[in-house]
file data-v8.cif (mmCIF, C-alpha atoms)
data_structure
#
loop_
_atom_site.label_atom_id
_atom_site.label_comp_id
_atom_site.auth_asym_id
_atom_site.auth_seq_id
_atom_site.Cartn_x
_atom_site.Cartn_y
_atom_site.Cartn_z
CA MET Z 110 5.47 93.94 17.78
CA GLN Z 111 6.85 94.07 21.34
CA LEU Z 112 8.26 90.57 21.18
CA ASN Z 113 10.29 91.19 24.32
CA ASP Z 114 7.01 91.37 26.26
CA LYS Z 115 5.53 88.30 24.57
CA TRP Z 116 8.62 86.07 24.87
CA GLN Z 117 10.01 86.92 28.27
CA GLY Z 118 12.06 83.74 28.58
CA LEU Z 119 14.78 85.05 26.26
CA CYS Z 120 17.73 87.24 27.15
CA TRP Z 121 17.29 89.80 24.39
CA PRO Z 122 20.75 91.43 24.56
CA MET Z 123 22.33 88.01 24.08
CA MET Z 124 19.93 87.18 21.23
CA ASP Z 125 20.90 90.41 19.46
CA PHE Z 126 24.57 89.57 19.98
CA LEU Z 127 24.11 86.12 18.42
CA ARG Z 128 22.16 87.64 15.52
CA CYS Z 129 25.06 89.94 14.68
CA VAL Z 130 27.63 87.18 14.89
CA THR Z 131 25.70 84.78 12.66
CA ALA Z 132 24.81 87.49 10.14
CA ALA Z 133 28.44 88.61 9.87
CA LEU Z 134 29.64 85.04 9.36
CA ILE Z 135 26.97 84.25 6.75
CA TYR Z 136 27.56 87.46 4.79
CA PHE Z 137 31.31 86.90 4.89
CA ALA Z 138 31.03 83.31 3.61
CA ILE Z 139 28.65 84.27 0.82
CA SER Z 140 30.85 87.21 -0.21
CA ILE Z 141 33.94 85.01 -0.38
CA THR Z 142 32.01 82.50 -2.50
CA ALA Z 143 30.66 85.20 -4.83
CA VAL Z 144 34.09 86.72 -5.43
CA ALA Z 145 36.02 83.44 -5.73
CA LYS Z 146 33.60 81.27 -7.70
CA TYR Z 147 32.07 83.62 -10.27
CA SER Z 148 33.97 85.97 -12.56
CA ASP Z 149 31.23 88.27 -13.88
CA GLY Z 150 30.89 91.89 -12.77
CA ALA Z 151 27.62 91.39 -10.93
CA SER Z 152 29.11 88.73 -8.69
CA LYS Z 153 32.11 90.93 -7.94
CA ALA Z 154 29.77 93.80 -7.04
CA ALA Z 155 27.69 91.47 -4.86
CA GLY Z 156 30.87 90.36 -3.11
CA VAL Z 157 31.93 93.95 -2.44
CA PHE Z 158 28.50 94.83 -1.04
CA GLY Z 159 28.60 91.63 1.02
CA PHE Z 160 31.97 92.62 2.48
CA PHE Z 161 30.53 96.04 3.28
CA ALA Z 162 27.55 94.38 5.05
CA THR Z 163 30.01 92.17 6.96
CA ILE Z 164 31.84 95.26 8.20
CA VAL Z 165 28.56 96.87 9.29
CA PHE Z 166 27.53 93.72 11.17
CA ALA Z 167 30.99 93.51 12.75
CA ILE Z 168 30.68 97.09 14.02
CA ASP Z 169 27.21 96.27 15.38
CA PHE Z 170 28.69 93.13 16.97
CA TYR Z 171 31.38 95.21 18.67
CA LEU Z 172 28.90 97.77 20.01
CA ILE Z 173 26.52 95.11 21.31
CA PHE Z 174 29.42 93.21 22.88
CA ASN Z 175 30.40 96.33 24.81
CA ASP Z 176 26.80 96.79 25.99
CA VAL Z 177 26.54 93.15 27.10
CA ALA Z 178 29.90 93.39 28.88
CA LYS Z 179 28.74 96.51 30.76
CA PHE Z 180 25.49 94.73 31.63
CA LEU Z 181 27.36 91.72 33.03
CA LYS Z 182 29.84 93.90 34.96
CA GLN Z 183 26.94 95.71 36.63
CA GLY Z 184 25.74 92.40 37.99
CA ASP Z 185 29.22 91.54 39.31
CA SER Z 186 29.82 94.87 41.03
CA ALA Z 187 26.43 95.19 42.71
CA ASP Z 188 25.31 93.28 45.76
CA GLU Z 189 23.73 89.86 45.31
CA THR Z 190 20.13 91.09 45.53
CA THR Z 191 20.58 93.65 42.76
CA ALA Z 192 22.44 91.15 40.59
CA HIS Z 193 19.65 88.63 41.13
CA LYS Z 194 17.03 91.22 40.04
CA THR Z 195 19.06 92.17 36.98
CA GLU Z 196 19.42 88.52 35.99
CA ALA Z 197 15.71 87.96 36.53
CA ARG Z 198 14.89 90.87 34.22
CA CYS Z 199 17.26 89.56 31.57
CA TRP Z 200 15.66 86.14 31.68
CA GLY Z 201 12.14 87.59 31.77
CA HIS Z 202 11.10 86.74 35.32
CA GLY Z 203 10.32 90.37 36.24
CA ASP Z 204 10.95 91.82 39.69
CA LEU Z 205 11.43 89.19 42.35
#
call {"tool": "encode", "arguments": {"input": "data-v8.cif", "output": "structure tokens"}}
result
Amino acid sequence: MQLNDKWQGLCWPMMDFLRCVTAALIYFAISITAVAKYSDGASKAAGVFGFFATIVFAIDFYLIFNDVAKFLKQGDSADETTAHKTEARCWGHGDL
């Protein structure tokens, strides 16, 4: 769909980071509710699979966090012109 070309005003690495954080929190809350509130086997299985999905999202969160941290460190270590271009690309303004 190439949404990054259509919606250039968004910083896509940060959006992906926020997606992982919110998904991990939602899956964790629903898993806790499924395990604590209901006592049937299907709810327990759903809770276990929810915890597994939380772990997968947490790993994805960690990997994306490292990528975003590297991206931000590149901007700090380069001269001001290069950092300005990198920020402009992140925010969708293209080459300035």
call {"tool": "closest_residue", "arguments": {"input": "data-v8.cif", "among": "Z:Cys120, Z:Asp114, Z:Ile164, Z:Gly150", "to": "Val177 of chain Z", "atoms": "all atoms listed in the file"}}
result
Z:Cys120
call {"tool": "closest_residue", "arguments": {"input": "data-v8.cif", "among": "Z:Met123, Z:Val157, Z:Ile173, Z:Ala132", "to": "Val144 of chain Z", "atoms": "only C-alpha atoms"}}
result
Z:Val157
call {"tool": "resolve_selection", "arguments": {"input": "data-v8.cif", "expression": "the PyMOL selection byres ((chain Z and resi 129) around 10)", "output": "PDB file with C-alpha atoms, in the frame of the given file"}}
result
ATOM      1  CA  MET Z 123      22.330  88.010  24.080  1.00  0.00           C
ATOM      2  CA  MET Z 124      19.930  87.180  21.230  1.00  0.00           C
ATOM      3  CA  ASP Z 125      20.900  90.410  19.460  1.00  0.00           C
ATOM      4  CA  PHE Z 126      24.570  89.570  19.980  1.00  0.00           C
ATOM      5  CA  LEU Z 127      24.110  86.120  18.420  1.00  0.00           C
ATOM      6  CA  ARG Z 128      22.160  87.640  15.520  1.00  0.00           C
ATOM      7  CA  VAL Z 130      27.630  87.180  14.890  1.00  0.00           C
ATOM      8  CA  THR Z 131      25.700  84.780  12.660  1.00  0.00           C
ATOM      9  CA  ALA Z 132      24.810  87.490  10.140  1.00  0.00           C
ATOM     10  CA  ALA Z 133      28.440  88.610   9.870  1.00  0.00           C
ATOM     11  CA  LEU Z 134      29.640  85.040   9.360  1.00  0.00           C
ATOM     12  CA  ILE Z 135      26.970  84.250   6.750  1.00  0.00           C
ATOM     13  CA  THR Z 163      30.010  92.170   6.960  1.00  0.00           C
ATOM     14  CA  VAL Z 165      28.560  96.870   9.290  1.00  0.00           C
ATOM     15  CA  PHE Z 166      27.530  93.720  11.170  1.00  0.00           C
ATOM     16  CA  ALA Z 167      30.990  93.510  12.750  1.00  0.00           C
ATOM     17  CA  ILE Z 168      30.680  97.090  14.020  1.00  0.00           C
ATOM     18  CA  ASP Z 169      27.210  96.270  15.380  1.00  0.00           C
ATOM     19  CA  PHE Z 170      28.690  93.130  16.970  1.00  0.00           C
ATOM     20  CA  TYR Z 171      31.380  95.210  18.670  1.00  0.00           C
ATOM     21  CA  ILE Z 173      26.520  95.110  21.310  1.00  0.00           C
ATOM     22  CA  PHE Z 174      29.420  93.210  22.880  1.00  0.00           C
TER      23      PHE Z 174
END
call {"tool": "atom_distance", "arguments": {"input": "data-v8.cif", "atom1": "atom CA of Ala162 of chain Z", "atom2": "atom CA of Ile141 of chain Z"}}
result
12.6 Å
call {"tool": "atom_distance", "arguments": {"input": "data-v8.cif", "atom1": "atom CA of Phe161 of chain Z", "atom2": "atom CA of Thr142 of chain Z"}}
result
14.8 Å
call {"tool": "atom_distance", "arguments": {"input": "data-v8.cif", "atom1": "atom CA of Phe158 of chain Z", "atom2": "atom CA of Tyr136 of chain Z"}}
result
9.4 Å
